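S.K.: Contents of input.cif (mmCIF, C-alpha atoms and all ligand atoms) are given next:
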data_run
loop_
_atom_site.label_atom_id
_atom_site.label_comp_id
_atom_site.auth_asym_id
_atom_site.auth_seq_id
_atom_site.Cartn_x
_atom_site.Cartn_y
_atom_site.Cartn_z
CA MET L 107 16.82 -7.57 -26.94
CA PHE L 108 13.05 -7.92 -27.38
CA GLU L 109 12.76 -11.20 -25.44
CA HIS L 110 15.24 -10.05 -22.77
CA ASN L 111 13.28 -6.87 -21.99
CA TYR L 112 9.92 -8.60 -22.33
CA GLN L 113 10.92 -11.01 -19.54
CA VAL L 114 11.63 -8.02 -17.29
CA TYR L 115 8.23 -6.44 -17.98
CA VAL L 116 6.27 -9.57 -17.13
CA ALA L 117 8.10 -10.12 -13.82
CA ARG L 118 5.84 -9.74 -10.77
CA GLY L 119 8.04 -7.25 -8.88
CA ILE L 120 8.36 -5.00 -11.93
CA VAL L 121 4.59 -5.05 -12.57
CA GLN L 122 4.04 -4.11 -8.91
CA HIS L 123 6.54 -1.28 -9.25
CA TYR L 124 4.73 0.28 -12.22
CA SER L 125 1.32 -0.29 -10.63
CA GLN L 126 2.33 1.90 -7.70
CA LEU L 127 3.47 4.87 -9.79
CA ARG L 128 0.95 7.68 -9.83
CA GLN L 129 2.56 11.02 -10.66
CA LEU L 130 2.88 12.53 -14.09
CA GLN L 131 6.37 13.54 -15.17
CA PRO L 132 6.79 17.32 -15.65
CA ALA L 133 6.85 17.10 -19.46
CA GLU L 134 3.66 15.03 -19.44
CA GLN L 135 1.97 17.67 -17.29
CA THR L 136 3.11 20.33 -19.77
CA ILE L 137 1.37 18.51 -22.63
CA LEU L 138 -1.74 17.80 -20.56
CA ASP L 139 -2.02 21.57 -19.98
CA LEU L 140 -0.98 22.56 -23.51
CA LEU L 141 -3.76 20.59 -25.19
CA SER L 142 -6.42 21.23 -22.56
CA ASP L 143 -8.90 22.60 -25.13
CA GLU L 144 -8.60 19.53 -27.33
CA TRP L 145 -8.80 16.53 -24.99
CA SER L 146 -12.58 16.21 -24.85
CA SER L 147 -12.79 15.42 -28.56
CA MET L 148 -9.76 13.13 -28.70
CA LYS L 149 -9.38 9.40 -29.16
CA MET L 150 -6.22 8.45 -27.28
CA LEU L 151 -3.95 5.41 -27.49
CA ASP L 152 -1.59 4.86 -24.53
CA ILE L 153 1.07 2.41 -25.73
CA GLY L 154 3.09 0.56 -23.10
CA VAL L 155 0.55 1.64 -20.50
CA GLY L 156 2.34 -0.39 -17.80
CA GLY L 157 0.51 -0.25 -14.47
CA GLY L 158 -1.69 2.67 -15.56
CA ARG L 159 0.31 5.62 -14.19
CA THR L 160 -0.87 7.85 -17.04
CA THR L 161 -4.39 6.34 -17.23
CA GLN L 162 -5.77 8.21 -14.27
CA HIS L 163 -4.60 11.56 -15.67
CA PHE L 164 -5.70 11.12 -19.29
CA SER L 165 -8.59 8.64 -19.43
CA GLY L 166 -11.00 10.98 -17.66
CA VAL L 167 -10.42 13.91 -20.00
CA VAL L 168 -10.45 12.24 -23.43
CA GLN L 169 -13.42 11.03 -25.43
CA GLU L 170 -12.03 7.52 -25.84
CA TYR L 171 -9.01 5.90 -24.16
CA VAL L 172 -7.27 2.67 -25.16
CA GLY L 173 -4.27 1.39 -23.17
CA ILE L 174 -2.15 -1.40 -24.65
CA ASP L 175 0.88 -3.27 -23.40
CA TYR L 176 2.66 -6.38 -24.66
CA SER L 177 2.83 -7.62 -21.07
CA GLN L 178 -0.37 -9.47 -20.18
CA GLU L 179 0.60 -8.97 -16.53
CA MET L 180 0.66 -5.16 -16.89
CA ILE L 181 -2.76 -5.21 -18.58
CA ALA L 182 -4.17 -7.41 -15.80
CA ALA L 183 -2.85 -4.88 -13.24
CA CYS L 184 -4.58 -2.02 -15.11
CA GLN L 185 -7.84 -3.95 -15.22
CA THR L 186 -7.61 -4.49 -11.48
CA HIS L 187 -6.87 -0.85 -10.74
CA PHE L 188 -9.48 0.54 -13.12
CA PRO L 189 -12.24 -2.07 -12.85
CA SER L 190 -15.17 -0.03 -14.10
CA SER L 191 -14.27 -0.76 -17.68
CA SER L 192 -16.53 1.12 -20.06
CA GLN L 193 -16.72 1.59 -23.83
CA SER L 194 -14.63 4.74 -23.44
CA ARG L 195 -11.77 3.15 -21.41
CA VAL L 196 -10.32 -0.12 -22.63
CA PHE L 197 -7.13 -2.07 -21.86
CA GLU L 198 -5.82 -4.81 -24.11
CA VAL L 199 -2.68 -6.78 -24.76
CA GLY L 200 -0.93 -5.44 -27.85
CA ASP L 201 2.52 -5.03 -29.34
CA ALA L 202 3.49 -1.60 -30.68
CA ARG L 203 5.31 -3.21 -33.61
CA ASP L 204 2.10 -4.64 -35.00
CA MET L 205 -1.05 -2.71 -34.16
CA SER L 206 -3.16 -4.28 -36.92
CA GLN L 207 -6.09 -4.48 -34.48
CA PHE L 208 -6.53 -0.72 -35.09
CA GLU L 209 -7.81 0.79 -38.31
CA ASP L 210 -5.95 3.49 -40.27
CA ASN L 211 -6.33 7.19 -39.30
CA TYR L 212 -8.16 6.45 -36.05
CA PHE L 213 -6.41 8.13 -33.09
CA ASP L 214 -5.95 11.84 -32.28
CA PHE L 215 -3.27 11.44 -29.58
CA ILE L 216 -0.80 8.58 -29.20
CA LEU L 217 1.40 8.29 -26.13
CA PHE L 218 4.37 5.98 -25.58
CA SER L 219 5.54 7.22 -22.21
CA PHE L 220 8.49 6.77 -19.86
CA ASN L 221 10.88 5.38 -22.48
CA GLY L 222 8.84 2.25 -23.23
CA LEU L 223 9.92 2.58 -26.86
CA ASP L 224 13.55 2.16 -25.81
CA SER L 225 13.12 -1.52 -25.03
CA LEU L 226 13.01 -2.20 -28.78
CA SER L 227 15.81 -2.57 -31.33
CA HIS L 228 16.55 0.07 -33.96
CA LEU L 229 14.55 -1.66 -36.70
CA ASP L 230 11.61 -2.41 -34.41
CA ARG L 231 11.60 1.23 -33.36
CA LEU L 232 11.31 2.41 -36.97
CA GLN L 233 8.50 -0.11 -37.47
CA VAL L 234 6.67 1.37 -34.47
CA PHE L 235 6.93 4.89 -35.96
CA GLN L 236 5.36 3.59 -39.17
CA GLU L 237 2.55 1.88 -37.31
CA ILE L 238 1.84 5.05 -35.33
CA SER L 239 1.72 7.16 -38.48
CA ARG L 240 -0.75 4.66 -39.95
CA ILE L 241 -3.21 4.50 -37.03
CA GLY L 242 -3.08 8.22 -36.18
CA LYS L 243 -5.07 10.80 -38.15
CA SER L 244 -3.16 13.34 -40.22
CA GLY L 245 -2.36 16.23 -37.85
CA SER L 246 -2.78 14.08 -34.75
CA TYR L 247 -0.19 14.05 -31.99
CA PHE L 248 2.46 11.53 -31.06
CA PHE L 249 4.15 12.12 -27.70
CA PHE L 250 6.87 9.88 -26.30
CA SER L 251 10.13 9.91 -24.40
CA SER L 252 13.47 8.37 -25.18
CA HIS L 253 16.83 8.09 -23.47
CA SER L 254 19.36 10.67 -24.58
CA LEU L 255 22.86 9.66 -25.63
CA GLN L 256 23.91 13.22 -24.84
CA GLY L 257 22.79 12.77 -21.22
CA LEU L 258 24.56 9.44 -20.97
CA GLU L 259 27.92 10.91 -21.99
CA ARG L 260 28.09 12.61 -18.63
CA GLU L 261 27.49 9.28 -16.83
CA PHE L 262 30.36 7.71 -18.78
CA ASN L 263 32.81 10.31 -17.48
CA TRP L 264 34.18 9.52 -13.99
CA ARG L 265 35.24 13.14 -13.40
CA LYS L 266 31.58 14.22 -13.55
CA GLN L 267 30.83 11.87 -10.64
CA ILE L 268 32.88 13.87 -8.14
CA SER L 269 30.87 16.08 -5.82
CA LEU L 270 31.62 18.09 -2.68
CA ASN L 271 29.77 15.49 -0.63
CA PRO L 272 32.01 12.38 -0.14
CA LEU L 273 29.01 10.06 0.24
CA THR L 274 27.47 11.29 -3.02
CA THR L 275 30.83 10.84 -4.73
CA TYR L 276 31.08 7.28 -3.40
CA VAL L 277 27.58 6.33 -4.61
CA ASN L 278 28.18 8.01 -7.97
CA LEU L 279 31.45 6.16 -8.49
CA VAL L 280 29.89 2.79 -7.61
CA MET L 281 27.09 3.43 -10.14
CA PHE L 282 29.68 4.62 -12.66
CA GLY L 283 31.68 1.40 -12.16
CA LEU L 284 28.58 -0.77 -12.65
CA LEU L 285 27.52 1.16 -15.74
CA ARG L 286 30.95 0.78 -17.31
CA PHE L 287 31.11 -2.91 -16.33
CA PHE L 288 27.74 -3.79 -17.89
CA ASN L 289 28.67 -1.86 -21.02
CA ARG L 290 32.36 -2.72 -21.18
CA SER L 291 32.29 -3.21 -24.96
CA ILE L 292 31.43 0.50 -25.40
CA SER L 293 34.14 3.15 -25.02
CA SER L 294 33.55 6.85 -24.29
CA LYS L 295 34.98 7.61 -27.71
CA GLN L 296 32.52 5.26 -29.39
CA LEU L 297 29.66 6.79 -27.43
CA LYS L 298 30.60 10.28 -28.61
CA SER L 299 30.53 9.28 -32.25
CA SER L 300 27.37 7.13 -32.17
CA ASP L 301 23.88 8.17 -33.21
CA TYR L 302 22.40 5.51 -30.96
CA GLU L 303 23.55 2.72 -28.64
CA ILE L 304 21.98 -0.16 -26.72
CA ILE L 305 22.87 0.35 -23.05
CA GLN L 306 22.34 -1.77 -19.96
CA ASP L 307 21.56 1.05 -17.57
CA GLU L 308 20.75 1.24 -13.88
CA SER L 309 16.97 0.99 -14.27
CA HIS L 310 15.65 -2.16 -12.58
CA ASN L 311 19.16 -3.04 -11.39
CA PHE L 312 20.75 -3.16 -14.84
CA ARG L 313 18.23 -5.71 -16.09
CA LEU L 314 16.99 -3.79 -19.15
CA LYS L 315 18.82 -3.24 -22.44
CA GLN L 316 17.73 0.18 -23.58
CA TYR L 317 18.07 2.28 -26.71
CA TYR L 318 19.77 5.64 -26.20
CA VAL L 319 19.56 8.12 -29.06
CA ARG L 320 21.19 11.43 -29.92
CA PRO L 321 18.41 14.07 -30.08
CA GLN L 322 19.27 15.08 -33.66
CA GLU L 323 19.17 11.43 -34.76
CA GLN L 324 15.76 11.08 -33.11
CA ILE L 325 14.48 14.08 -35.06
CA ASP L 326 15.87 12.60 -38.29
CA GLN L 327 14.10 9.29 -37.61
CA LEU L 328 10.78 11.10 -37.22
CA LYS L 329 11.07 13.44 -40.18
CA ALA L 330 9.69 11.02 -42.79
CA ASP L 331 6.28 10.67 -41.14
CA PHE L 332 6.01 13.50 -38.60
CA ASP L 333 5.97 17.33 -38.60
CA ASN L 334 6.31 20.07 -35.97
CA ILE L 335 8.75 18.09 -33.84
CA LYS L 336 9.29 19.66 -30.42
CA MET L 337 11.48 18.55 -27.52
CA TYR L 338 10.84 18.87 -23.80
CA SER L 339 13.06 18.38 -20.78
CA TRP L 340 11.55 15.54 -18.75
CA LYS L 341 12.80 17.18 -15.55
CA SER L 342 11.63 20.75 -15.94
CA GLY L 343 8.81 20.10 -18.40
CA LEU L 344 10.00 23.08 -20.43
CA GLU L 345 10.35 23.05 -24.17
CA ILE L 346 13.93 22.97 -25.41
CA ALA L 347 13.48 25.86 -27.75
CA ASN L 348 16.74 26.12 -29.65
CA GLN L 349 20.05 24.49 -30.51
CA LYS L 350 21.91 26.32 -27.74
CA GLU L 351 19.54 25.01 -25.05
CA LEU L 352 19.79 21.53 -26.51
CA SER L 353 23.59 21.57 -26.59
CA ILE L 354 23.78 22.09 -22.80
CA ASN L 355 20.96 19.69 -21.89
CA SER L 356 22.06 16.62 -19.90
CA ASP L 357 18.66 15.06 -19.10
CA MET L 358 18.83 11.28 -19.18
CA TRP L 359 15.72 11.25 -21.33
CA LEU L 360 13.75 13.76 -23.36
CA TYR L 361 10.13 14.00 -24.44
CA TYR L 362 9.21 14.53 -28.09
CA LEU L 363 5.90 15.93 -29.33
CA CYS L 364 5.17 15.75 -33.04
CA GLN L 365 2.26 15.60 -35.46
CA ILE L 366 1.53 12.98 -38.06
CA LYS L 367 1.92 14.30 -41.63
C1 LIG L 401 9.03 1.90 -18.58
S1 LIG L 401 7.49 1.10 -18.63
C2 LIG L 401 6.39 2.47 -18.56
C3 LIG L 401 5.00 2.11 -18.13
C4 LIG L 401 4.01 3.28 -18.10
N1 LIG L 401 3.81 3.86 -19.41
C5 LIG L 401 4.48 4.35 -17.15
O1 LIG L 401 4.85 5.42 -17.64
O2 LIG L 401 4.50 4.13 -15.94
C6 LIG L 401 7.41 0.62 -20.34
C7 LIG L 401 6.20 -0.21 -20.70
O3 LIG L 401 6.19 -0.43 -22.11
C8 LIG L 401 5.79 -1.75 -22.37
N2 LIG L 401 6.32 -2.11 -23.70
C9 LIG L 401 7.60 -2.21 -24.08
N3 LIG L 401 7.69 -2.56 -25.37
C10 LIG L 401 6.42 -2.69 -25.81
C11 LIG L 401 5.86 -3.02 -27.07
N4 LIG L 401 6.62 -3.36 -28.12
N5 LIG L 401 4.53 -3.03 -27.19
C12 LIG L 401 3.73 -2.72 -26.13
N6 LIG L 401 4.21 -2.41 -24.91
C13 LIG L 401 5.54 -2.39 -24.76
C14 LIG L 401 6.37 -2.56 -21.21
O4 LIG L 401 5.72 -3.79 -21.00
C15 LIG L 401 6.17 -1.59 -20.05
O5 LIG L 401 4.93 -1.79 -19.42
#
Can the structure in the file be given as structure tokens, please?
M.R.:
Amino acid sequence: MFEHNYQVYVARGIVQHYSQLRQLQPAEQTILDLLSDEWSSMKMLDIGVGGGRTTQHFSGVVQEYVGIDYSQEMIAACQTHFPSSSQSRVFEVGDARDMSQFEDNYFDFILFSFNGLDSLSHLDRLQVFQEISRIGKSGSYFFFSSHSLQGLEREFNWRKQISLNPLTTYVNLVMFGLLRFFNRSISSKQLKSSDYEIIQDESHNFRLKQYYVRPQEQIDQLKADFDNIKMYSWKSGLEIANQKELSINSDMWLYYLCQIK
């Protein structure tokens, strides 16, 4: 899984794609606003920085900004886009599973945006959480997004693809067919009973194998090292405040904000 996804993220067309992205996602904007009083004193680590979509929004407001990515090509793209490299904005090649280049208790805000974490296996993911809890100060923030198994259940159900517009229905059913084909070893029943699954989804034309997790399982994974876990809809940017709101949420991915114990 690691090597497969890595090859996607070093491909020229994919690097170009991420280099062109500029807008923050609604949940990211929510957090940018929420912590507005704290940014100026924060040391921030942007893991899986990609083409620097988040750099332009965060690097100017924090005290120190470090962007890492395991793709040398992504880092080169960031260095081209943000050439005036200074002490307070640095890009370097680095793998989230082993961040031994950083000392313990260093960062105040750690971001792993746009589901970058989902390109790793279950065990690698848990390793990343441990590394983050080591390099972040106690009380510091970890903010990331991850694909939701709850959202995917809808995509696995052909009845949910029918709309009043025949063209939309046609496109939906084609995508449904491809999704089921690429994941033919996984049944709807299995999906319903799983805490997490590795799914070949439509992003980058079904080239990535991505981790999808049930929100409650995600919370359980974080509990050992993180406190004050909050969830946000990526689409609306609003906090998902209670179990009822969560039970009806069908976002394909959710953002999680938590603090290191
Ligand atoms: C979906 S892209 C998001 C890029 C960027 N954060 C954005 O929001 O536009 C995920 C990024 O995470 C990086 N990535 C995936 N696994 C990684 C790992 N183990 N360590 C560092 N970077 C990783 C990929 O190379 C890719 O650039």
S.K.: What residues have any atom no more than 8 Å from ligand LIG 401 (chain L) when counting only C-alpha atoms and all ligand atoms, and can you list them as an MDAnalysis selection string?
M.R.: chainID L and resid 108 111:112 115:116 121 124:125 127:128 152:160 174:177 180 199:203 218:226 234
S.K.: Create the file for the chosen residues now, containing C-alpha atoms and written as an mmCIF file, in the frame of the given file.
M.R.:
data_model
loop_
_atom_site.group_PDB
_atom_site.id
_atom_site.type_symbol
_atom_site.label_atom_id
_atom_site.label_comp_id
_atom_site.auth_asym_id
_atom_site.auth_seq_id
_atom_site.Cartn_x
_atom_site.Cartn_y
_atom_site.Cartn_z
ATOM 1 C CA PHE L 108 13.050 -7.920 -27.380
ATOM 2 C CA ASN L 111 13.280 -6.870 -21.990
ATOM 3 C CA TYR L 112 9.920 -8.600 -22.330
ATOM 4 C CA TYR L 115 8.230 -6.440 -17.980
ATOM 5 C CA VAL L 116 6.270 -9.570 -17.130
ATOM 6 C CA VAL L 121 4.590 -5.050 -12.570
ATOM 7 C CA TYR L 124 4.730 0.280 -12.220
ATOM 8 C CA SER L 125 1.320 -0.290 -10.630
ATOM 9 C CA LEU L 127 3.470 4.870 -9.790
ATOM 10 C CA ARG L 128 0.950 7.680 -9.830
ATOM 11 C CA ASP L 152 -1.590 4.860 -24.530
ATOM 12 C CA ILE L 153 1.070 2.410 -25.730
ATOM 13 C CA GLY L 154 3.090 0.560 -23.100
ATOM 14 C CA VAL L 155 0.550 1.640 -20.500
ATOM 15 C CA GLY L 156 2.340 -0.390 -17.800
ATOM 16 C CA GLY L 157 0.510 -0.250 -14.470
ATOM 17 C CA GLY L 158 -1.690 2.670 -15.560
ATOM 18 C CA ARG L 159 0.310 5.620 -14.190
ATOM 19 C CA THR L 160 -0.870 7.850 -17.040
ATOM 20 C CA ILE L 174 -2.150 -1.400 -24.650
ATOM 21 C CA ASP L 175 0.880 -3.270 -23.400
ATOM 22 C CA TYR L 176 2.660 -6.380 -24.660
ATOM 23 C CA SER L 177 2.830 -7.620 -21.070
ATOM 24 C CA MET L 180 0.660 -5.160 -16.890
ATOM 25 C CA VAL L 199 -2.680 -6.780 -24.760
ATOM 26 C CA GLY L 200 -0.930 -5.440 -27.850
ATOM 27 C CA ASP L 201 2.520 -5.030 -29.340
ATOM 28 C CA ALA L 202 3.490 -1.600 -30.680
ATOM 29 C CA ARG L 203 5.310 -3.210 -33.610
ATOM 30 C CA PHE L 218 4.370 5.980 -25.580
ATOM 31 C CA SER L 219 5.540 7.220 -22.210
ATOM 32 C CA PHE L 220 8.490 6.770 -19.860
ATOM 33 C CA ASN L 221 10.880 5.380 -22.480
ATOM 34 C CA GLY L 222 8.840 2.250 -23.230
ATOM 35 C CA LEU L 223 9.920 2.580 -26.860
ATOM 36 C CA ASP L 224 13.550 2.160 -25.810
ATOM 37 C CA SER L 225 13.120 -1.520 -25.030
ATOM 38 C CA LEU L 226 13.010 -2.200 -28.780
ATOM 39 C CA VAL L 234 6.670 1.370 -34.470
#
S.K.: Between L:Ile325, L:Val167, L:Met358, L:Ala133, which one has atoms that come closest to Ser147 of chain L, using only C-alpha atoms?
M.R.: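 Result for the nearest residue to Ser147 of chain L: L:Val167.
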S.K.: How would you write as an MDAnalysis selection string the residues that get within 12 Å of (11.3, 1.6, -40.5) in the file's frame, counting all atoms listed in the file?
M.R.: chainID L and resid 203 227:239 327:331
S.K.: Enter the distance from atom CA of Leu140 of chain L to atom CA of Ile335 of chain L, in Å, rounded to one decimal.
M.R.: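 It comes out at 14.9 Å.
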S.K.: When you count only C-alpha atoms, which of these residues is closest to Val277 of chain L: L:Leu151, L:Gln306, L:Trp264, L:Asp333?
M.R.: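 Counting only C-alpha atoms, the residue closest to Val277 of chain L is L:Trp264.
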S.K.: Using all atoms listed in the file, collect all residues at a distance of at most 6 Å from (21.7, 6.8, -25.0) as written in the file, then present them as a VMD selection string.
M.R.: chain L and resid 253 to 255 258 303 318 to 319
S.K.: Pick from L:Gly166, L:Gly245, L:Gly119, L:Pro321: nearest to Lys367 of chain L, with only C-alpha atoms counted?
M.R.: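 Nearest candidate to Lys367 of chain L out of L:Gly166, L:Gly245, L:Gly119, L:Pro321: L:Gly245.
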S.K.: Quick one: distance from atom CA of Phe250 of chain L to atom CA of Glu134 of chain L in Å, one decimal?
M.R.: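 Computed distance, atom CA of Phe250 of chain L to atom CA of Glu134 of chain L, equals 9.2 Å.
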S.K.: My list of candidates is L:Phe262, L:Tyr338, L:Tyr361, L:Tyr317. Which is closest to Asp301 of chain L when distances are computed with only C-alpha atoms?
M.R.: L:Tyr317
S.K.: Between atom CA of Ser251 of chain L and atom CA of Gln365 of chain L, what distance in Å does the model show, to one decimal?
M.R.: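 Rounded to one decimal, the two atoms are 14.7 Å apart.
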S.K.: Name all residues at most 7 Å from Tyr212 of chain L (count all atoms listed in the file; drop same-chain ones fewer than 2 positions away) and give them as an MDAnalysis selection string.
M.R.: chainID L and resid 209:210 214 241:243
S.K.: Neighbours of Ile354 of chain L within 12 Å (only C-alpha atoms; same-chain residues fewer than 5 positions away dropped), as an NGL selection string?
M.R.: :L and (256-257 or 259-260 or 339 or 346 or 348-349)
S.K.: If I only have part of segment 109-120 of chain L, can you fill in N, CA, C and O atoms and write it as a PDB file, in the frame of the given file?
M.R.:
ATOM      1  N   GLU L 109      13.134 -10.149 -26.400  1.00  0.00           N
ATOM      2  CA  GLU L 109      12.760 -11.200 -25.440  1.00  0.00           C
ATOM      3  C   GLU L 109      13.322 -10.878 -24.047  1.00  0.00           C
ATOM      4  O   GLU L 109      12.645 -11.046 -23.040  1.00  0.00           O
ATOM      5  N   HIS L 110      14.564 -10.399 -24.032  1.00  0.00           N
ATOM      6  CA  HIS L 110      15.240 -10.050 -22.770  1.00  0.00           C
ATOM      7  C   HIS L 110      14.406  -9.016 -21.999  1.00  0.00           C
ATOM      8  O   HIS L 110      14.089  -9.198 -20.825  1.00  0.00           O
ATOM      9  N   ASN L 111      14.029  -7.934 -22.667  1.00  0.00           N
ATOM     10  CA  ASN L 111      13.280  -6.870 -21.990  1.00  0.00           C
ATOM     11  C   ASN L 111      11.851  -7.312 -21.664  1.00  0.00           C
ATOM     12  O   ASN L 111      11.306  -6.951 -20.616  1.00  0.00           O
ATOM     13  N   TYR L 112      11.281  -8.107 -22.564  1.00  0.00           N
ATOM     14  CA  TYR L 112       9.920  -8.600 -22.330  1.00  0.00           C
ATOM     15  C   TYR L 112       9.858  -9.376 -21.010  1.00  0.00           C
ATOM     16  O   TYR L 112       8.940  -9.200 -20.203  1.00  0.00           O
ATOM     17  N   GLN L 113      10.888 -10.200 -20.772  1.00  0.00           N
ATOM     18  CA  GLN L 113      10.920 -11.010 -19.540  1.00  0.00           C
ATOM     19  C   GLN L 113      10.954 -10.111 -18.299  1.00  0.00           C
ATOM     20  O   GLN L 113      10.413 -10.462 -17.256  1.00  0.00           O
ATOM     21  N   VAL L 114      11.598  -8.964 -18.420  1.00  0.00           N
ATOM     22  CA  VAL L 114      11.630  -8.020 -17.290  1.00  0.00           C
ATOM     23  C   VAL L 114      10.219  -7.460 -17.048  1.00  0.00           C
ATOM     24  O   VAL L 114       9.742  -7.405 -15.906  1.00  0.00           O
ATOM     25  N   TYR L 115       9.529  -7.102 -18.125  1.00  0.00           N
ATOM     26  CA  TYR L 115       8.230  -6.440 -17.980  1.00  0.00           C
ATOM     27  C   TYR L 115       7.075  -7.375 -17.610  1.00  0.00           C
ATOM     28  O   TYR L 115       5.979  -6.897 -17.330  1.00  0.00           O
ATOM     29  N   VAL L 116       7.330  -8.676 -17.620  1.00  0.00           N
ATOM     30  CA  VAL L 116       6.270  -9.570 -17.130  1.00  0.00           C
ATOM     31  C   VAL L 116       6.555 -10.039 -15.693  1.00  0.00           C
ATOM     32  O   VAL L 116       5.725 -10.705 -15.085  1.00  0.00           O
ATOM     33  N   ALA L 117       7.727  -9.674 -15.171  1.00  0.00           N
ATOM     34  CA  ALA L 117       8.100 -10.120 -13.820  1.00  0.00           C
ATOM     35  C   ALA L 117       7.211  -9.444 -12.763  1.00  0.00           C
ATOM     36  O   ALA L 117       6.895  -8.253 -12.866  1.00  0.00           O
ATOM     37  N   ARG L 118       6.821 -10.222 -11.760  1.00  0.00           N
ATOM     38  CA  ARG L 118       5.840  -9.740 -10.770  1.00  0.00           C
ATOM     39  C   ARG L 118       6.295  -8.443 -10.065  1.00  0.00           C
ATOM     40  O   ARG L 118       5.527  -7.491  -9.945  1.00  0.00           O
ATOM     41  N   GLY L 119       7.557  -8.421  -9.615  1.00  0.00           N
ATOM     42  CA  GLY L 119       8.040  -7.250  -8.880  1.00  0.00           C
ATOM     43  C   GLY L 119       8.034  -5.988  -9.747  1.00  0.00           C
ATOM     44  O   GLY L 119       7.760  -4.889  -9.264  1.00  0.00           O
ATOM     45  N   ILE L 120       8.318  -6.155 -11.019  1.00  0.00           N
ATOM     46  CA  ILE L 120       8.360  -5.000 -11.930  1.00  0.00           C
ATOM     47  C   ILE L 120       6.931  -4.495 -12.186  1.00  0.00           C
ATOM     48  O   ILE L 120       6.668  -3.285 -12.195  1.00  0.00           O
TER      49      ILE L 120
END
